[in-house]
Amino acid sequence: MAATVRLVGAGRAGSSLAGALSQAGWEVQPILRRGDDLRKAAVAVDVLFIATDDLSIPIVAAEIEPVPSTLVVHLSGALGLDVLHPHPRRASMHPLVPLPDPATGAARLLGGANFAVSGDESIDAVVNSLNGRIVRVDPDSRVLYHAAACIAANHVVALLGQVERVAKLAGLRLEDFLDLSRMAIEDVARVGPAAALTGPAARRDWDTINKHRKALPSAELPFYDALVNLAVGLTPSYDEEVR
């Protein structure tokens with residue numbers, strides 16, 4: 001297994017991964033940051049991670065002089081391996097966990113997370129060292145994979161933002177509803193989305209749904225209506241939509 005690693009990019013992803021790899025026994029070189037000379041970044045390391053934003057990955061990769069023995073890896077969920085040209089050994093490793101800060105991120109990366117990987121199979125050794133689970137993604141499906149990941153995390157967070165706003169209108173707090181959300185997700189994990197669905201959309205209770213719509217501010221209706229339609233679509237026979 002590779003022992004020495006360097007990262008380019010000191011944001012939440014790079015800092016989280018550096019902490020996790022260090023705890024996993026890797027020799028982690030100092031992180032390179034914006035403005036540093038990157039030309040020799042691949043020298044004297046077994047693995048080089050490019051942990052920048054997606055738009056910067058091909059620019060950063062092109063700045064770095066290729067080293068035939070060094071595995072160069074990006075952390076993007078949506079990009080293929082072509083953005084790592086001209087490096088001969090390329091891989092991608094996208095962790096399926098939120099990384100809100102370096103300490104939390106490192107703990108989650110070491111906690112049995114799923115990692116979506118493509119490319120050089122040596123990346124498997126990195127995932128294994130983190131006690132992770134390997135999810136192989138066909139390069140042609142990476143954009144769809146990343147869309148699913150964003151829905152699973154970012155869109156759920158946005159949905160809970162709507163819960164917070166509507167709860168406040170009723171004189172309540174987001175915290176009053178979080179156990180409900182947790183239990184719903186646990187039900188999805190146990191029996192799947194269709195069987196886990198409850199509430200007025202599952203019952204086709206349009207009277208209650210229309211009461212919701214009349215009570216909600218107009219700014220909340222597009223998101224509410226879209227999600228009612230998605231909920232209705234989970235159940236066996238649906239031919240009605242919220243208008």
# chains A, B, ... in the order shown; residues from 1 in each chain; ligands from 1
>>> residues_around(residues="segment 52-58 of chain A", least_positions_apart="5", cutoff="6 Å", atoms="only C-alpha atoms", output="list in words")
Gly9, Val83 and Leu84 of chain A
>>> write_last_selection(atoms="C-alpha atoms", output="mmCIF file, in the first residue's frame")
data_model
loop_
_atom_site.group_PDB
_atom_site.id
_atom_site.type_symbol
_atom_site.label_atom_id
_atom_site.label_comp_id
_atom_site.auth_asym_id
_atom_site.auth_seq_id
_atom_site.Cartn_x
_atom_site.Cartn_y
_atom_site.Cartn_z
ATOM 1 C CA GLY A 9 -6.335 22.263 -1.891
ATOM 2 C CA VAL A 83 -9.402 16.250 -16.480
ATOM 3 C CA LEU A 84 -6.247 14.706 -14.977
#
>>> select_by_dssp(residues="segment 8-118 of chain A", states="helix (DSSP H, G or I)", output="ChimeraX atom specification")
/A:12-23,54-63,82-84,102-109
>>> write_last_selection(atoms="N, CA and C atoms", output="CSV table (one decimal), in the first residue's frame")
chain,number,residue,atom,x,y,z
A,12,ARG,N,-12.5,22.3,2.8
A,12,ARG,CA,-13.1,21.3,3.7
A,12,ARG,C,-12.7,19.9,3.3
A,13,ALA,N,-12.8,19.6,2.0
A,13,ALA,CA,-12.5,18.2,1.5
A,13,ALA,C,-11.1,17.9,1.7
A,14,GLY,N,-10.2,18.8,1.2
A,14,GLY,CA,-8.8,18.5,1.4
A,14,GLY,C,-8.3,18.4,2.8
A,15,SER,N,-8.8,19.3,3.7
A,15,SER,CA,-8.4,19.2,5.1
A,15,SER,C,-8.9,18.0,5.8
A,16,SER,N,-10.2,17.7,5.4
A,16,SER,CA,-10.8,16.5,6.0
A,16,SER,C,-10.0,15.2,5.6
A,17,LEU,N,-9.7,15.1,4.4
A,17,LEU,CA,-9.0,13.9,3.9
A,17,LEU,C,-7.6,13.9,4.4
A,18,ALA,N,-6.9,15.0,4.5
A,18,ALA,CA,-5.6,15.0,5.1
A,18,ALA,C,-5.6,14.5,6.6
A,19,GLY,N,-6.6,14.9,7.3
A,19,GLY,CA,-6.7,14.4,8.7
A,19,GLY,C,-7.0,13.0,8.8
A,20,ALA,N,-7.9,12.5,7.9
A,20,ALA,CA,-8.3,11.1,7.9
A,20,ALA,C,-7.1,10.2,7.5
A,21,LEU,N,-6.4,10.6,6.5
A,21,LEU,CA,-5.2,9.8,6.0
A,21,LEU,C,-4.1,9.8,7.1
A,22,SER,N,-3.9,10.9,7.7
A,22,SER,CA,-2.9,10.9,8.8
A,22,SER,C,-3.2,10.0,9.9
A,23,GLN,N,-4.5,10.0,10.3
A,23,GLN,CA,-4.9,9.0,11.4
A,23,GLN,C,-4.9,7.6,10.9
A,54,ASP,N,-14.2,21.9,-8.8
A,54,ASP,CA,-14.2,21.1,-10.1
A,54,ASP,C,-13.6,21.9,-11.2
A,55,LEU,N,-13.9,23.2,-11.3
A,55,LEU,CA,-13.4,24.0,-12.4
A,55,LEU,C,-11.9,24.2,-12.4
A,56,SER,N,-11.3,24.1,-11.2
A,56,SER,CA,-9.8,24.2,-11.1
A,56,SER,C,-9.1,22.9,-11.3
A,57,ILE,N,-9.7,21.8,-11.3
A,57,ILE,CA,-9.0,20.5,-11.3
A,57,ILE,C,-8.2,20.4,-12.6
A,58,PRO,N,-8.7,20.6,-13.8
A,58,PRO,CA,-7.9,20.5,-15.0
A,58,PRO,C,-6.8,21.5,-15.1
A,59,ILE,N,-7.0,22.7,-14.6
A,59,ILE,CA,-6.0,23.7,-14.6
A,59,ILE,C,-4.8,23.3,-13.6
A,60,VAL,N,-5.2,22.8,-12.4
A,60,VAL,CA,-4.1,22.4,-11.5
A,60,VAL,C,-3.4,21.2,-12.0
A,61,ALA,N,-4.1,20.2,-12.6
A,61,ALA,CA,-3.5,19.0,-13.1
A,61,ALA,C,-2.5,19.4,-14.2
A,62,ALA,N,-2.8,20.3,-15.0
A,62,ALA,CA,-1.9,20.7,-16.1
A,62,ALA,C,-0.7,21.4,-15.6
A,63,GLU,N,-0.7,22.1,-14.4
A,63,GLU,CA,0.4,22.7,-13.9
A,63,GLU,C,1.4,21.8,-13.3
A,82,ASP,N,-10.4,12.4,-17.7
A,82,ASP,CA,-9.7,13.2,-18.7
A,82,ASP,C,-9.2,14.5,-18.1
A,83,VAL,N,-9.8,15.0,-17.1
A,83,VAL,CA,-9.4,16.2,-16.5
A,83,VAL,C,-8.0,16.1,-15.8
A,84,LEU,N,-7.5,14.9,-15.6
A,84,LEU,CA,-6.2,14.7,-15.0
A,84,LEU,C,-5.1,14.6,-16.0
A,102,PRO,N,-13.1,20.2,9.0
A,102,PRO,CA,-12.1,19.2,9.0
A,102,PRO,C,-12.2,18.1,10.0
A,103,ALA,N,-12.5,18.4,11.2
A,103,ALA,CA,-12.6,17.4,12.3
A,103,ALA,C,-13.7,16.4,12.1
A,104,THR,N,-14.9,17.0,11.8
A,104,THR,CA,-16.1,16.1,11.5
A,104,THR,C,-15.9,15.3,10.2
A,105,GLY,N,-15.3,16.0,9.2
A,105,GLY,CA,-15.1,15.3,8.0
A,105,GLY,C,-14.1,14.1,8.1
A,106,ALA,N,-13.0,14.3,8.8
A,106,ALA,CA,-12.0,13.3,9.0
A,106,ALA,C,-12.7,12.1,9.7
A,107,ALA,N,-13.5,12.4,10.8
A,107,ALA,CA,-14.1,11.3,11.5
A,107,ALA,C,-15.1,10.5,10.6
A,108,ARG,N,-15.8,11.2,9.7
A,108,ARG,CA,-16.8,10.5,8.8
A,108,ARG,C,-16.0,9.7,7.8
A,109,LEU,N,-14.9,10.2,7.3
A,109,LEU,CA,-14.1,9.5,6.3
A,109,LEU,C,-13.5,8.2,6.8
>>> residues_around(residues="Gln162 of chain A", least_positions_apart="4", cutoff="9 Å", atoms="only C-alpha atoms", output="mmCIF file with C-alpha atoms, in the first residue's frame")
data_model
loop_
_atom_site.group_PDB
_atom_site.id
_atom_site.type_symbol
_atom_site.label_atom_id
_atom_site.label_comp_id
_atom_site.auth_asym_id
_atom_site.auth_seq_id
_atom_site.Cartn_x
_atom_site.Cartn_y
_atom_site.Cartn_z
ATOM 1 C CA VAL A 157 -30.781 19.968 3.461
ATOM 2 C CA ALA A 158 -32.754 22.408 1.299
ATOM 3 C CA VAL A 166 -42.813 26.722 7.798
ATOM 4 C CA ALA A 167 -42.316 25.514 11.365
ATOM 5 C CA GLU A 220 -43.181 27.954 -0.585
ATOM 6 C CA PHE A 223 -41.279 23.292 -3.786
ATOM 7 C CA TYR A 224 -44.254 21.910 -1.854
#
>>> closest_residue(among="A:Val127, A:Ile31, A:Pro100, A:Arg6", to="Val72 of chain A", atoms="only C-alpha atoms")
A:Arg6
>>> residues_around(residues="Leu174 of chain A", least_positions_apart="4", cutoff="7 Å", atoms="only C-alpha atoms", output="number ranges by chain")
A: 163-164, 167, 178
>>> write_last_selection(atoms="C-alpha atoms", output="short mmCIF file (atom, residue, chain, number, x, y, z; two decimals), in the first residue's frame")
data_model
loop_
_atom_site.label_atom_id
_atom_site.label_comp_id
_atom_site.auth_asym_id
_atom_site.auth_seq_id
_atom_site.Cartn_x
_atom_site.Cartn_y
_atom_site.Cartn_z
CA VAL A 163 -39.35 22.73 7.22
CA GLU A 164 -37.57 25.32 9.36
CA ALA A 167 -42.32 25.51 11.37
CA LEU A 178 -35.86 16.32 13.14
#
>>> residues_around(residues="Ile134 of chain A", least_positions_apart="6", cutoff="8 Å", atoms="only C-alpha atoms", output="NGL selection string")
:A and (114-117 or 124 or 127)
>>> write_last_selection(atoms="N, CA and C atoms", output="PDB file, in the first residue's frame")
ATOM      1  N   ASN A 114     -19.004   5.226   2.249  1.00  0.00           N
ATOM      2  CA  ASN A 114     -18.934   4.791   0.860  1.00  0.00           C
ATOM      3  C   ASN A 114     -18.066   5.765   0.069  1.00  0.00           C
ATOM      4  N   PHE A 115     -17.238   5.231  -0.829  1.00  0.00           N
ATOM      5  CA  PHE A 115     -16.408   6.049  -1.709  1.00  0.00           C
ATOM      6  C   PHE A 115     -16.664   5.601  -3.142  1.00  0.00           C
ATOM      7  N   ALA A 116     -17.114   6.521  -3.982  1.00  0.00           N
ATOM      8  CA  ALA A 116     -17.326   6.216  -5.393  1.00  0.00           C
ATOM      9  C   ALA A 116     -15.994   6.382  -6.119  1.00  0.00           C
ATOM     10  N   VAL A 117     -15.514   5.304  -6.735  1.00  0.00           N
ATOM     11  CA  VAL A 117     -14.193   5.328  -7.350  1.00  0.00           C
ATOM     12  C   VAL A 117     -14.272   4.966  -8.823  1.00  0.00           C
ATOM     13  N   ASP A 124      -8.161   1.619  -4.628  1.00  0.00           N
ATOM     14  CA  ASP A 124      -8.851   0.746  -3.669  1.00  0.00           C
ATOM     15  C   ASP A 124      -8.084   0.671  -2.351  1.00  0.00           C
ATOM     16  N   VAL A 127      -8.996   3.611  -0.125  1.00  0.00           N
ATOM     17  CA  VAL A 127     -10.320   3.425   0.486  1.00  0.00           C
ATOM     18  C   VAL A 127     -10.245   2.379   1.598  1.00  0.00           C
TER      19      VAL A 127
END
>>> residues_around(residues="Thr235 of chain A", least_positions_apart="6", cutoff="10 Å", atoms="only C-alpha atoms", output="ChimeraX atom specification")
/A:193-195,197,201-204
>>> closest_residue(among="A:Leu96, A:Ile50, A:Arg33, A:Asp187", to="Ala152 of chain A", atoms="only C-alpha atoms")
A:Leu96
>>> residues_around(residues="Ala24 of chain A", least_positions_apart="4", cutoff="8 Å", atoms="only C-alpha atoms", output="PDB file with C-alpha atoms, in the first residue's frame")
ATOM      1  CA  ALA A  20      -8.257  11.074   7.927  1.00  0.00           C
ATOM      2  CA  LEU A 110     -12.816   6.981   8.795  1.00  0.00           C
ATOM      3  CA  SER A 129      -7.001   2.129   4.582  1.00  0.00           C
ATOM      4  CA  LEU A 130      -9.875   4.437   5.577  1.00  0.00           C
TER       5      LEU A 130
END
>>> atom_distance(atom1="atom CA of Ala78 of chain A", atom2="atom CA of Arg136 of chain A")
13.5 Å
>>> select_by_dssp(residues="segment 6-231 of chain A", states="strand (DSSP E or B)", output="PyMOL selection string")
chain A and resi 6-8+27-28+32+47-50+71-74+90-95+114-119+133-136
